[in-house]
Structures are given as C-alpha cells and as structure tokens.
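What follows is coords29.csv (CSV, C-alpha atoms).
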```csv
chain,number,residue,atom,x,y,z
T,182,MET,CA,28.4,-13.8,-46.8
T,183,GLY,CA,25.0,-15.3,-47.1
T,184,ALA,CA,22.8,-18.2,-46.3
T,185,LYS,CA,20.7,-20.9,-47.9
T,186,ILE,CA,17.9,-23.1,-46.6
T,187,ILE,CA,19.1,-26.7,-46.4
T,188,ALA,CA,16.1,-28.2,-44.7
T,189,ALA,CA,12.5,-27.4,-43.8
T,190,GLY,CA,10.2,-29.4,-41.5
T,191,LYS,CA,7.1,-29.3,-39.4
T,192,TYR,CA,5.2,-30.8,-36.5
T,193,VAL,CA,1.5,-30.7,-35.8
T,194,PRO,CA,-0.4,-32.2,-32.8
T,195,ASP,CA,-2.0,-35.6,-33.5
T,196,GLN,CA,-5.6,-34.5,-33.1
T,197,SER,CA,-7.0,-33.3,-36.4
T,198,ILE,CA,-10.4,-31.7,-35.8
T,199,SER,CA,-12.9,-31.5,-38.7
T,200,ASN,CA,-15.5,-28.7,-39.1
T,201,ASP,CA,-18.2,-31.2,-38.3
T,202,GLN,CA,-16.5,-31.9,-34.9
T,203,LEU,CA,-16.3,-28.2,-34.2
T,204,ALA,CA,-20.0,-28.0,-35.0
T,205,GLU,CA,-20.5,-30.3,-32.0
T,206,TRP,CA,-18.7,-27.8,-29.8
T,207,MET,CA,-20.3,-24.6,-31.0
T,208,ASP,CA,-23.1,-23.2,-33.3
T,209,THR,CA,-21.3,-23.5,-36.7
T,210,SER,CA,-21.3,-25.7,-39.7
T,211,ASP,CA,-18.9,-27.3,-42.2
T,212,GLU,CA,-20.6,-25.3,-45.0
T,213,TRP,CA,-20.2,-22.0,-43.2
T,214,ILE,CA,-16.5,-22.5,-42.4
T,215,ARG,CA,-15.5,-24.0,-45.7
T,216,SER,CA,-17.2,-21.5,-47.9
T,217,ARG,CA,-15.9,-18.5,-46.0
T,218,THR,CA,-12.4,-19.7,-45.3
T,219,GLY,CA,-11.4,-22.9,-47.2
T,220,ILE,CA,-10.7,-24.6,-43.9
T,221,GLU,CA,-11.8,-28.2,-43.4
T,222,TYR,CA,-9.5,-29.4,-40.6
T,223,ARG,CA,-7.1,-28.0,-37.9
T,224,ASN,CA,-4.8,-29.7,-35.5
T,225,ILE,CA,-5.6,-29.0,-31.8
T,226,SER,CA,-3.1,-29.8,-29.1
T,227,THR,CA,-4.3,-31.8,-26.1
T,228,ASP,CA,-1.3,-31.2,-23.9
T,229,GLU,CA,1.7,-30.1,-26.0
T,230,ASN,CA,2.6,-26.4,-25.6
T,231,THR,CA,4.3,-24.2,-28.2
T,232,SER,CA,7.8,-25.3,-27.1
T,233,ASP,CA,6.9,-29.0,-27.5
T,234,LEU,CA,5.6,-28.4,-31.0
T,235,CYS,CA,8.8,-26.4,-31.9
T,236,ILE,CA,11.1,-29.0,-30.4
T,237,GLN,CA,9.5,-31.7,-32.5
T,238,ALA,CA,9.7,-29.5,-35.6
T,239,ALA,CA,13.3,-28.7,-34.9
T,240,LEU,CA,14.3,-32.3,-34.4
T,241,SER,CA,12.6,-33.2,-37.7
T,242,ILE,CA,14.5,-30.4,-39.5
T,243,LEU,CA,17.9,-31.3,-38.0
T,244,ASN,CA,17.3,-35.0,-38.9
T,245,LYS,CA,16.4,-34.2,-42.5
T,246,ALA,CA,19.6,-32.1,-42.9
T,247,ALA,CA,21.7,-34.6,-40.9
T,248,VAL,CA,23.1,-31.7,-38.9
T,249,ALA,CA,23.9,-32.3,-35.2
T,250,PRO,CA,22.2,-29.9,-32.8
T,251,GLU,CA,25.5,-28.9,-31.3
T,252,LYS,CA,26.4,-27.2,-34.6
T,253,LEU,CA,23.6,-24.7,-34.4
T,254,GLY,CA,24.8,-21.1,-33.9
T,255,PHE,CA,21.4,-19.5,-33.0
T,256,ILE,CA,17.8,-20.3,-32.6
T,257,ILE,CA,14.9,-17.9,-33.4
T,258,VAL,CA,11.3,-18.7,-32.7
T,259,ALA,CA,8.4,-16.6,-34.0
T,260,THR,CA,5.4,-17.0,-31.9
T,261,MET,CA,2.4,-15.1,-30.4
T,262,THR,CA,1.5,-18.0,-28.1
T,263,PRO,CA,4.7,-18.7,-26.1
T,264,ASP,CA,4.6,-21.1,-23.1
T,265,TYR,CA,5.8,-18.2,-20.9
T,266,HIS,CA,6.7,-14.6,-21.2
T,267,SER,CA,10.0,-15.9,-19.8
T,268,PRO,CA,11.7,-18.2,-20.6
T,269,SER,CA,11.4,-17.8,-24.3
T,270,VAL,CA,10.3,-20.7,-26.5
T,271,ALA,CA,13.6,-20.5,-28.2
T,272,ALA,CA,15.5,-21.1,-24.9
T,273,LEU,CA,13.3,-24.2,-24.3
T,274,VAL,CA,14.0,-25.4,-27.8
T,275,GLN,CA,17.7,-24.9,-27.3
T,276,HIS,CA,17.6,-27.3,-24.4
T,277,GLY,CA,15.0,-29.6,-25.9
T,278,VAL,CA,17.0,-30.3,-29.1
T,279,GLY,CA,20.3,-30.6,-27.3
T,280,ALA,CA,21.9,-27.5,-28.8
T,281,GLY,CA,24.9,-25.8,-27.2
T,282,PRO,CA,24.3,-22.7,-25.0
T,283,VAL,CA,23.8,-20.5,-28.1
T,284,MET,CA,21.8,-17.3,-28.6
T,285,ALA,CA,18.1,-18.1,-28.6
T,286,PHE,CA,15.2,-15.7,-28.6
T,287,ASP,CA,11.6,-15.2,-29.6
T,288,ILE,CA,10.2,-12.8,-32.1
T,289,SER,CA,6.7,-11.4,-31.6
T,290,ALA,CA,5.1,-10.4,-34.9
T,291,ALA,CA,2.0,-12.5,-34.9
T,292,CYS,CA,1.2,-14.0,-38.3
T,293,SER,CA,4.1,-12.1,-39.9
T,294,GLY,CA,6.4,-13.7,-37.3
T,295,PHE,CA,8.1,-16.2,-39.6
T,296,VAL,CA,9.0,-13.6,-42.2
T,297,TYR,CA,10.4,-11.3,-39.5
T,298,ALA,CA,12.3,-14.2,-38.0
T,299,LEU,CA,13.8,-15.3,-41.3
T,300,SER,CA,14.7,-11.7,-42.1
T,301,VAL,CA,16.6,-11.4,-38.8
T,302,GLY,CA,18.1,-14.9,-39.1
T,303,GLU,CA,19.4,-14.0,-42.6
T,304,LYS,CA,21.1,-10.8,-41.2
T,305,LEU,CA,22.8,-12.9,-38.5
T,306,MET,CA,24.0,-15.4,-41.1
T,307,ASP,CA,25.2,-12.5,-43.2
T,308,SER,CA,27.6,-11.6,-40.3
T,309,GLY,CA,29.5,-14.7,-41.1
T,310,GLN,CA,29.7,-15.7,-37.5
T,311,TYR,CA,27.5,-18.7,-37.7
T,312,GLU,CA,27.7,-21.9,-39.7
T,313,TYR,CA,24.0,-22.9,-39.0
T,314,GLY,CA,21.0,-21.1,-37.7
T,315,LEU,CA,17.5,-22.5,-36.9
T,316,VAL,CA,14.4,-20.3,-37.6
T,317,LEU,CA,11.1,-21.6,-36.4
T,318,GLY,CA,7.5,-20.5,-36.3
T,319,GLY,CA,5.3,-22.2,-33.7
T,320,GLU,CA,1.9,-21.6,-32.2
T,321,THR,CA,-0.8,-23.2,-29.9
T,322,MET,CA,-3.5,-20.8,-31.1
T,323,SER,CA,-6.1,-23.0,-29.4
T,324,LYS,CA,-5.1,-21.6,-26.1
T,325,ALA,CA,-5.4,-18.0,-27.3
T,326,VAL,CA,-8.8,-18.1,-28.9
T,327,ASP,CA,-12.1,-17.5,-27.2
T,328,TRP,CA,-13.9,-20.9,-27.6
T,329,GLU,CA,-17.2,-19.1,-27.1
T,330,ASP,CA,-16.6,-16.9,-30.2
T,331,ARG,CA,-17.5,-18.9,-33.2
T,332,SER,CA,-16.4,-16.2,-35.6
T,333,THR,CA,-12.7,-16.7,-34.6
T,334,ALA,CA,-12.4,-20.0,-32.9
T,335,VAL,CA,-13.0,-22.0,-36.1
T,336,LEU,CA,-10.2,-20.2,-37.9
T,337,PHE,CA,-7.1,-21.3,-36.0
T,338,GLY,CA,-5.0,-24.3,-35.5
T,339,ASP,CA,-1.8,-25.4,-33.7
T,340,GLY,CA,1.5,-26.4,-35.2
T,341,ALA,CA,5.2,-25.5,-35.8
T,342,GLY,CA,7.5,-25.4,-38.7
T,343,GLY,CA,10.8,-24.0,-39.6
T,344,VAL,CA,14.0,-24.0,-41.7
T,345,LEU,CA,17.7,-24.6,-41.1
T,346,LEU,CA,20.0,-22.0,-42.6
T,347,GLN,CA,23.6,-22.8,-43.6
T,348,LYS,CA,26.4,-20.3,-44.3
T,349,THR,CA,27.1,-19.8,-48.0
T,350,ASP,CA,28.5,-17.2,-50.3
T,351,THR,CA,25.2,-16.0,-51.8
T,352,SER,CA,22.4,-14.1,-50.3
T,353,LEU,CA,19.2,-15.9,-49.2
T,354,SER,CA,16.8,-13.2,-50.1
T,355,LEU,CA,16.8,-11.2,-53.3
T,356,ALA,CA,14.5,-8.5,-51.8
T,357,GLU,CA,12.4,-7.9,-48.7
T,358,ASP,CA,9.7,-5.6,-47.5
T,359,LEU,CA,8.8,-5.6,-43.8
T,360,HIS,CA,6.5,-3.2,-41.9
T,361,ALA,CA,4.4,-2.6,-38.8
T,362,ASP,CA,1.6,-0.1,-38.1
T,363,GLY,CA,0.7,0.1,-34.4
T,364,GLY,CA,-2.0,2.7,-35.3
T,365,GLN,CA,-4.1,-0.3,-36.3
T,366,SER,CA,-3.3,-2.5,-33.3
T,367,ASP,CA,-6.9,-2.8,-32.2
T,368,ALA,CA,-7.8,-4.8,-35.3
T,369,LEU,CA,-6.3,-8.0,-33.9
T,370,THR,CA,-5.2,-8.4,-30.2
T,371,SER,CA,-4.4,-11.4,-28.1
T,372,GLY,CA,-3.3,-11.9,-24.5
T,373,PHE,CA,-3.6,-8.4,-23.2
T,374,THR,CA,-2.2,-8.1,-19.7
T,375,GLN,CA,-3.1,-5.0,-17.6
T,376,VAL,CA,-1.0,-3.3,-15.0
T,377,ASP,CA,-1.5,-5.3,-11.8
T,378,ASN,CA,0.1,-4.2,-8.6
T,379,PRO,CA,-0.7,-2.8,-5.2
T,380,LEU,CA,-0.9,0.8,-6.5
T,381,LYS,CA,-3.5,-0.1,-9.2
T,382,PRO,CA,-7.1,0.6,-8.1
T,383,ALA,CA,-9.2,-2.6,-8.2
T,384,ASP,CA,-11.7,-2.4,-11.0
T,385,GLY,CA,-12.8,-6.0,-10.9
T,386,SER,CA,-11.4,-6.7,-14.4
T,387,ASP,CA,-9.4,-9.8,-15.2
T,388,PRO,CA,-5.8,-8.6,-15.3
T,389,ALA,CA,-4.6,-11.3,-17.6
T,390,ASN,CA,-5.3,-13.9,-20.3
T,391,GLN,CA,-7.5,-11.8,-22.5
T,392,ALA,CA,-8.6,-14.0,-25.5
T,393,LEU,CA,-7.9,-13.2,-29.1
T,394,THR,CA,-10.2,-10.5,-30.7
T,395,MET,CA,-10.3,-9.7,-34.4
T,396,ASP,CA,-12.1,-7.0,-36.4
T,397,GLY,CA,-12.9,-9.1,-39.4
T,398,ARG,CA,-13.6,-6.3,-41.8
T,399,GLY,CA,-10.6,-4.3,-40.6
T,400,ILE,CA,-8.3,-7.2,-41.2
T,401,PHE,CA,-9.9,-8.0,-44.6
T,402,ASN,CA,-9.3,-4.4,-45.7
T,403,PHE,CA,-5.8,-4.4,-44.3
T,404,VAL,CA,-4.8,-7.6,-46.2
T,405,SER,CA,-6.6,-6.8,-49.4
T,406,ARG,CA,-5.0,-3.3,-49.6
T,407,THR,CA,-1.5,-3.9,-48.0
T,408,VAL,CA,-0.4,-7.4,-49.1
T,409,PRO,CA,-0.6,-6.9,-52.9
T,410,ASN,CA,1.5,-3.7,-52.5
T,411,SER,CA,4.0,-5.5,-50.4
T,412,LEU,CA,4.3,-8.4,-52.9
T,413,ARG,CA,4.7,-5.9,-55.7
T,414,ALA,CA,7.3,-3.9,-53.8
T,415,THR,CA,9.3,-7.0,-53.0
T,416,VAL,CA,9.3,-8.5,-56.5
T,417,GLU,CA,10.0,-5.1,-58.2
T,418,GLY,CA,12.7,-4.5,-55.6
T,419,ALA,CA,14.6,-7.4,-57.1
T,420,GLY,CA,14.1,-6.1,-60.6
T,421,MET,CA,11.6,-8.9,-61.5
T,422,GLN,CA,8.1,-9.1,-62.8
T,423,LEU,CA,5.3,-10.6,-60.6
T,424,GLU,CA,4.9,-13.4,-63.2
T,425,GLU,CA,8.5,-14.5,-62.9
T,426,VAL,CA,8.0,-15.7,-59.3
T,427,ASP,CA,7.5,-19.5,-59.3
T,428,HIS,CA,5.3,-19.7,-56.2
T,429,TYR,CA,3.8,-17.2,-53.7
T,430,LEU,CA,3.7,-18.7,-50.2
T,431,LEU,CA,1.4,-16.4,-48.2
T,432,HIS,CA,0.4,-16.7,-44.6
T,433,GLN,CA,-2.5,-19.2,-44.6
T,434,ALA,CA,-5.3,-17.0,-43.0
T,435,ASN,CA,-8.1,-17.6,-45.4
T,436,GLN,CA,-8.4,-19.1,-48.9
T,437,ARG,CA,-10.7,-16.2,-49.9
T,438,LEU,CA,-8.0,-13.7,-49.1
T,439,LEU,CA,-5.5,-15.5,-51.3
T,440,LYS,CA,-8.0,-15.1,-54.2
T,441,VAL,CA,-8.5,-11.4,-53.4
T,442,VAL,CA,-4.7,-10.9,-53.5
T,443,ALA,CA,-4.3,-12.9,-56.7
T,444,LYS,CA,-7.0,-10.9,-58.4
T,445,LYS,CA,-5.6,-7.6,-57.3
T,446,LEU,CA,-2.2,-8.6,-58.8
T,447,SER,CA,-3.8,-10.1,-61.9
T,448,LEU,CA,-2.0,-13.4,-61.2
T,449,PRO,CA,-3.5,-16.9,-61.5
T,450,ILE,CA,-4.6,-18.4,-58.2
T,451,SER,CA,-2.4,-21.4,-59.1
T,452,LYS,CA,0.7,-19.3,-58.3
T,453,PHE,CA,-0.5,-19.1,-54.6
T,454,ALA,CA,0.3,-22.2,-52.7
T,455,THR,CA,-2.2,-23.4,-50.1
T,456,ASN,CA,-2.7,-26.0,-47.5
T,457,ILE,CA,-5.2,-24.1,-45.2
T,458,ARG,CA,-7.7,-26.8,-45.8
T,459,TYR,CA,-5.8,-29.2,-43.5
T,460,TYR,CA,-4.4,-26.8,-40.9
T,461,GLY,CA,-6.5,-23.7,-40.6
T,462,ASN,CA,-4.6,-20.5,-39.6
T,463,THR,CA,-1.5,-21.5,-37.6
T,464,SER,CA,-0.2,-17.9,-37.4
T,465,ALA,CA,3.6,-17.8,-37.5
T,466,ALA,CA,3.8,-21.5,-38.3
T,467,SER,CA,1.7,-21.4,-41.5
T,468,ILE,CA,4.4,-20.4,-43.9
T,469,PRO,CA,7.1,-22.9,-42.8
T,470,ILE,CA,4.5,-25.7,-42.6
T,471,LEU,CA,3.4,-24.8,-46.2
T,472,LEU,CA,7.1,-24.8,-47.3
T,473,ALA,CA,7.7,-28.1,-45.6
T,474,ASP,CA,4.6,-29.7,-47.2
T,475,MET,CA,5.6,-28.4,-50.7
T,476,LEU,CA,9.1,-29.8,-50.3
T,477,GLU,CA,7.7,-33.1,-49.0
T,478,ALA,CA,5.3,-33.3,-52.0
T,479,LYS,CA,8.2,-32.4,-54.4
T,480,GLU,CA,6.3,-29.3,-55.6
T,481,LEU,CA,9.5,-27.4,-54.6
T,482,GLU,CA,13.1,-28.5,-54.3
T,483,LEU,CA,15.9,-27.0,-52.3
T,484,GLY,CA,18.8,-26.0,-54.5
T,485,SER,CA,16.6,-25.8,-57.5
T,486,GLY,CA,17.1,-22.0,-58.0
T,487,LYS,CA,13.3,-21.5,-58.0
T,488,LYS,CA,12.2,-18.2,-56.8
T,489,ILE,CA,9.5,-18.0,-54.2
T,490,VAL,CA,7.9,-15.1,-52.3
T,491,ILE,CA,6.9,-15.7,-48.7
T,492,SER,CA,4.5,-13.1,-47.2
T,493,GLY,CA,3.0,-12.8,-43.7
T,494,PHE,CA,0.5,-10.4,-42.3
T,495,GLY,CA,-1.4,-10.0,-39.1
T,496,GLY,CA,-1.5,-8.6,-35.6
T,497,GLY,CA,0.5,-5.5,-34.9
T,498,LEU,CA,-0.5,-4.8,-37.5
T,499,THR,CA,2.5,-6.3,-39.1
T,500,TRP,CA,3.3,-7.4,-42.6
T,501,GLY,CA,6.3,-8.6,-44.5
T,502,SER,CA,7.4,-10.3,-47.7
T,503,MET,CA,10.7,-11.8,-48.8
T,504,LEU,CA,11.8,-13.0,-52.3
T,505,ILE,CA,13.9,-16.1,-51.8
T,506,GLN,CA,15.9,-18.2,-54.3
T,507,LEU,CA,15.8,-21.8,-53.2
G,221,MET,CA,-21.8,6.9,-65.6
G,222,THR,CA,-24.2,7.3,-62.7
G,223,THR,CA,-23.3,6.2,-59.2
G,224,PHE,CA,-25.6,3.3,-59.5
G,225,GLU,CA,-23.8,2.2,-62.7
G,226,GLN,CA,-20.4,2.4,-61.2
G,227,ILE,CA,-21.5,0.4,-58.1
G,228,GLN,CA,-23.3,-2.1,-60.4
G,229,GLU,CA,-20.1,-2.6,-62.3
G,230,ILE,CA,-18.1,-3.3,-59.1
G,231,ILE,CA,-20.7,-5.8,-57.9
G,232,VAL,CA,-20.9,-7.6,-61.2
G,233,ASP,CA,-17.2,-7.9,-61.2
G,234,GLN,CA,-16.8,-9.1,-57.6
G,235,LEU,CA,-19.7,-11.6,-57.6
G,236,ASP,CA,-19.3,-12.7,-61.2
G,237,LYS,CA,-22.9,-11.9,-62.0
G,238,GLU,CA,-24.8,-10.6,-65.1
G,239,GLN,CA,-25.6,-6.9,-65.1
G,240,GLU,CA,-29.3,-7.5,-65.3
G,241,GLU,CA,-29.1,-9.5,-62.0
G,242,VAL,CA,-27.8,-6.4,-60.1
G,243,GLN,CA,-30.6,-3.8,-59.8
G,244,ARG,CA,-31.3,-1.1,-57.1
G,245,ASP,CA,-33.7,-3.3,-55.2
G,246,THR,CA,-31.5,-6.5,-55.4
G,247,ASN,CA,-30.7,-8.0,-52.0
G,248,PHE,CA,-27.0,-9.0,-51.6
G,249,ARG,CA,-27.4,-11.9,-49.3
G,250,GLU,CA,-30.7,-13.4,-50.5
G,251,GLU,CA,-30.6,-12.7,-54.3
G,252,LEU,CA,-26.9,-12.5,-55.0
G,253,GLU,CA,-25.8,-15.0,-52.4
G,254,ALA,CA,-23.1,-12.7,-51.1
G,255,ASP,CA,-21.6,-13.5,-47.7
G,256,SER,CA,-19.9,-11.1,-45.4
G,257,LEU,CA,-16.5,-11.4,-47.1
G,258,ASP,CA,-18.1,-10.6,-50.5
G,259,LEU,CA,-19.7,-7.5,-48.9
G,260,PHE,CA,-16.3,-6.5,-47.4
G,261,GLN,CA,-14.7,-6.7,-50.8
G,262,ILE,CA,-17.5,-4.8,-52.5
G,263,ILE,CA,-17.4,-2.0,-49.9
G,264,ASN,CA,-13.6,-2.0,-50.2
G,265,ASP,CA,-13.7,-1.4,-53.9
G,266,ILE,CA,-16.4,1.2,-53.6
G,267,GLU,CA,-14.3,3.1,-51.0
G,268,ASP,CA,-11.4,3.1,-53.4
G,269,GLU,CA,-13.5,4.0,-56.4
G,270,PHE,CA,-15.2,7.0,-54.8
G,271,ASP,CA,-12.5,7.9,-52.3
G,272,ILE,CA,-14.9,7.7,-49.3
G,273,LYS,CA,-15.0,5.7,-46.1
G,274,ILE,CA,-18.0,3.4,-45.3
G,275,GLU,CA,-17.7,2.9,-41.5
G,276,SER,CA,-20.2,0.0,-41.2
G,277,GLU,CA,-21.9,-2.5,-43.4
G,278,GLU,CA,-24.8,-2.7,-40.9
G,279,GLY,CA,-28.1,-1.9,-42.6
G,280,LEU,CA,-26.7,-2.4,-46.1
G,281,ASN,CA,-29.1,-5.0,-47.6
G,282,THR,CA,-29.7,-3.9,-51.1
G,283,VAL,CA,-27.7,-2.4,-53.9
G,284,GLY,CA,-29.9,0.7,-53.5
G,285,ASP,CA,-28.8,1.0,-49.8
G,286,ILE,CA,-25.2,1.3,-50.9
G,287,VAL,CA,-26.0,3.7,-53.7
G,288,ASP,CA,-27.9,6.0,-51.3
G,289,LEU,CA,-25.1,5.9,-48.7
G,290,VAL,CA,-22.4,6.7,-51.4
G,291,GLU,CA,-24.5,9.5,-52.9
G,292,LYS,CA,-25.1,11.0,-49.4
G,293,GLN,CA,-21.3,10.9,-48.6
G,294,LEU,CA,-20.4,12.4,-52.0
G,295,ALA,CA,-22.9,15.2,-51.4
G,296,GLU,CA,-21.2,16.0,-48.0
G,297,LYS,CA,-17.7,16.0,-49.4
```
The structure given in the file should be rewritten as structure tokens.
Amino acid sequence: MGAKIIAAGKYVPDQSISNDQLAEWMDTSDEWIRSRTGIEYRNISTDENTSDLCIQAALSILNKAAVAPEKLGFIIVATMTPDYHSPSVAALVQHGVGAGPVMAFDISAACSGFVYALSVGEKLMDSGQYEYGLVLGGETMSKAVDWEDRSTAVLFGDGAGGVLLQKTDTSLSLAEDLHADGGQSDALTSGFTQVDNPLKPADGSDPANQALTMDGRGIFNFVSRTVPNSLRATVEGAGMQLEEVDHYLLHQANQRLLKVVAKKLSLPISKFATNIRYYGNTSAASIPILLADMLEAKELELGSGKKIVISGFGGGLTWGSMLIQL
Amino acid sequence: MTTFEQIQEIIVDQLDKEQEEVQRDTNFREELEADSLDLFQIINDIEDEFDIKIESEEGLNTVGDIVDLVEKQLAEK
C-alpha cells in the first residue's frame, strides 16, 4: 500500500504587506530586510484565524482534485499557531469543509510541521484503511510575533497550504529523515504558558501569550550544520546522489540560509526553489505553499515522476526531510 | 599556515573577497560590508575549522579580533 499526491493548494490572506509598509510600523527598512532575508512581502491576516486559512486552502485542494469532502479519511494540520489549544484546527477544518466525522488532529513541530504531518499521513495511508487523506500546514504567525521586536516581526507571514493524498500501490516517499532535539528548545520559543492555579505563588508575571523569541545565531548555526546533513542522509538513504534530485523545497525561512545549504552541499542554488520574496516565513505552511505555487506555474507536475526533497527545520528544535516521487 | 592565514582563507571564501582585502586590521562591517549573517557564517566555519566554540560575536569588529580570540582559545585547549 502507498499514497500519491493528487492535488496541492494554498490560501493566503488578502493583505500583502511590503517592507516599506512595515517600515511605517517599526524602525526597519526595505534594504535591511531584503538584503538579510530575501523577503519583500508577507500576507498578514486582518481577522482570519489559522482554521479559516486552512479551510480555504482545503477547499481549494479538494476542488482541484474534484474529490468530495465526504471522501476524506483523515485530516492532519501542522501548526504552531492554532486558534485554540482545543479544539484542534483539524477538527475545525473537518467541519468547515464538510467532511464526515473522520479522525482529525494537529501536529506541533513548528516550521518542520508539514514534513512531520506528511510523514504521519503517509503512514496512515500505508495502512490501507483510507482512500483519501488531507495534510495541511497553516499559520497566523502575525499573532505570535512580538510587533515591538523588529528583528523577528519582519520575518513572518500568514498562510496555509496542503496536499491531498490518494491510496495507490506505490510508496509516496523514497526516504525520510526526521528528528527533534529539545536540548536546544530555547533557540526558538512561542506561546509559553506558565502553571497558573490557586496553588501557584503570584509573581506578577503574565501567565500566557508569550510572544515568539528567536536566537538568530543559534538558529543559523542549527540550520547550516543540520539541514545539509539531513538532506544528504535522505537522498543517500534512497541510494541516490544529491544531483539526481530535481528540486529541493526547503522551508522558506531565509533566502540566505538556502544559499548556505546549497553551498555546503556543492549544489547550484537553482536546485533550491524559493518564493520567500512574496510570503516571508509562513512556518508550517511554507513548503505546501511553495509546492502549490510550483505546480501552478508548471515548474512541477504531479504524476511526472520527478523527484523532490522537502525539508523543514525550526522550533523544537525539529527538522525533517522527505524524498518524494511526484 | 598561520591562524591568521586560515581565518583569512575562510573570510575570503565566505565574502567572496580578494586576499589582499582581508588583513588583520580590516573591519568586517565597514570595510568588508559583512552583515550579521555573514559574521555568523564566518564564525561557524571558524568553529568547525579549529574545533572551538565562540560564544558571542560581541566585540568582534576586525579580522584581528577574531584571530586573537581563536589563538587565546587554542592556547587554553
């Protein structure tokens, strides 16, 4: 048993905010942001929450595949910015798209979330119990960032994307490599909630809603040392050479990081797809949004047999790569 | 190869500069136009090359600052 991707889609909020517009909100500049990150625009939600973005992305995907929502066997959403701790975004999506009362749950793996979700989704499909499975990544990062912190607020954007899996005889992934290291958890945190009950001595601190913090150098070191190894392990795990992969779809965190990874692997930067210019870092949504855009632009085709590697990395710390034949 | 020459080679490679442009008294930001990410990458490569850990990039303004720091750490190893 196995699975194949039969459609990919995305949804982003209407408001696309340029670097110049951000410079009106905080002390930053288009030149600073662009030269350090490659980002020029990001979509910021005015009132749509993560579930709203995911529902729109899901409807777009189902529409493209011409598959009725009632046929879905499960729904997985990767997110670090859910509407609630409970209900899950996936449960809201289940109702929002009109699916049956199927298994639906969220996965928390920050910017690696979509790779984790697809890996889990693939295993569910491999069980042979499901005809179709929906795997999404969706974020409203704009509610997680500290808008007073110009070093992080300019990096992120809101959006959702995903894929529809259909049962088939062949395996979706040729190899995968997924990891977490909580020993480095301090390098990127978001939404810390303290113990808060009558037994807890009052210390005057805000018990909830702690904004995103990031140790820039720590994350840079983590990515530049870990991601090239993960990509190599994945590709070699499938008995292939790095050059034989058609496209590398990495989490869109920073254009400069893509260059570092490409250089470390001695691969041309042209192998590394990017759309960060238009969306910023959309965390778990970045890889499916990139995949959807590449399919839309006919840079990739489902059923073509092309081999792509998707790779996510971020808070946890978590990282993961999958080699997929389209 | 001296420590300076090893570090010089890393900087030349990372910033795509000529060897003559990278001297002990060369300032990263002002003369080599390196930003924080460039500095992260240079420090990263130096850590790997010398098997040391540079905890902070604070106070590292010139190539000589890094050479001195690396030599100090190597001497303490």
Exercise. Once you count only C-alpha atoms, which residues of chain T turn out to be within 9 Å of chain G? Could you give them as a ChimeraX atom specification?
Worked result: /T:217,397-398,401-402,405-406,437,441
Write out, as a compact mmCIF listing (two decimals), in the coordinates of the input, the residues just selected, with C-alpha atoms.
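The result, stored in result.txt:
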```
# COMPACT_ATOMS: atom_id res chain seq x y z
CA ARG T 217 -15.90 -18.50 -46.00
CA GLY T 397 -12.90 -9.10 -39.40
CA ARG T 398 -13.60 -6.30 -41.80
CA PHE T 401 -9.90 -8.00 -44.60
CA ASN T 402 -9.30 -4.40 -45.70
CA SER T 405 -6.60 -6.80 -49.40
CA ARG T 406 -5.00 -3.30 -49.60
CA ARG T 437 -10.70 -16.20 -49.90
CA VAL T 441 -8.50 -11.40 -53.40
```
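Separating CA of Leu346 (chain T) from CA of Glu480 (chain T) is a distance of 20.2 Å.
Separating CA of Gly493 (chain T) from CA of Phe270 (chain G) is a distance of 29.1 Å.
Of the listed residues (G:Glu291, G:Glu269, G:Glu225, G:Glu278), G:Glu225 comes nearest to Glu240 (chain G); the distances count all atoms listed in the file.
Relative to CA of Asp474 (chain T), CA of His276 (chain T) is found at 26.4 Å.
Taking only C-alpha atoms into account, Lys273 (chain G) lies nearest to G:Lys297 out of the set G:Arg249, G:Lys237, G:Arg244, G:Lys297.
Distance check against Ala466 (chain T) using all atoms listed in the file: of T:Phe295, T:Phe453, T:Phe286, T:Tyr429, the minimum falls on T:Phe295.
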Problem set entry | Residue contacts of Ile227 (chain G) (9 Å, only C-alpha atoms) excluding same-chain residues fewer than 3 positions away, as number ranges by chain | G: 222-224, 230-232, 262, 266, 269, 283, 286-287
Exercise. If you count only C-alpha atoms, which residues fall within 10 Å of Ile256 (chain T), apart from same-chain ones fewer than 6 positions away, as JSON, numbers by chain?
Worked result: {"T": [239, 270, 271, 272, 274, 275, 280, 283, 284, 285, 286, 287, 298, 302, 313, 314, 315, 316, 317, 345]}
Problem set entry | Neighbour list for region 219-234 of chain T as a VMD selection string, cut-off 9 Å, only C-alpha atoms, skip fewer than 4 positions in-chain | chain T and resid 191 to 201 211 214 to 215 238 to 239 260 262 to 264 269 to 271 273 to 274 277 319 to 324 335 to 342 435 to 437 456 to 463
Mind rebuilding region 255-267 of chain G with N, CA and C atoms and writing that out as a compact mmCIF listing (two decimals), in the frame of the given file?
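Generated output (part-v8.txt):
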```txt
# COMPACT_ATOMS: atom_id res chain seq x y z
N ASP G 255 -21.83 -13.33 -49.17
CA ASP G 255 -21.60 -13.50 -47.70
C ASP G 255 -20.85 -12.24 -47.22
N SER G 256 -20.48 -12.27 -45.95
CA SER G 256 -19.90 -11.10 -45.40
C SER G 256 -18.56 -10.70 -46.05
N LEU G 257 -17.77 -11.70 -46.46
CA LEU G 257 -16.50 -11.40 -47.10
C LEU G 257 -16.72 -10.76 -48.49
N ASP G 258 -17.76 -11.22 -49.20
CA ASP G 258 -18.10 -10.60 -50.50
C ASP G 258 -18.44 -9.12 -50.27
N LEU G 259 -19.23 -8.89 -49.22
CA LEU G 259 -19.70 -7.50 -48.90
C LEU G 259 -18.46 -6.65 -48.54
N PHE G 260 -17.53 -7.22 -47.76
CA PHE G 260 -16.30 -6.50 -47.40
C PHE G 260 -15.59 -6.04 -48.67
N GLN G 261 -15.46 -6.97 -49.61
CA GLN G 261 -14.70 -6.70 -50.80
C GLN G 261 -15.39 -5.63 -51.68
N ILE G 262 -16.72 -5.73 -51.76
CA ILE G 262 -17.50 -4.80 -52.50
C ILE G 262 -17.34 -3.37 -51.92
N ILE G 263 -17.49 -3.30 -50.60
CA ILE G 263 -17.40 -2.00 -49.90
C ILE G 263 -15.95 -1.45 -50.09
N ASN G 264 -14.99 -2.33 -49.96
CA ASN G 264 -13.60 -2.00 -50.20
C ASN G 264 -13.37 -1.32 -51.54
N ASP G 265 -13.89 -1.96 -52.57
CA ASP G 265 -13.70 -1.40 -53.90
C ASP G 265 -14.47 -0.12 -54.12
N ILE G 266 -15.66 -0.03 -53.49
CA ILE G 266 -16.40 1.20 -53.60
C ILE G 266 -15.69 2.35 -52.89
N GLU G 267 -15.11 2.06 -51.72
CA GLU G 267 -14.30 3.10 -51.00
C GLU G 267 -13.19 3.59 -51.88
```
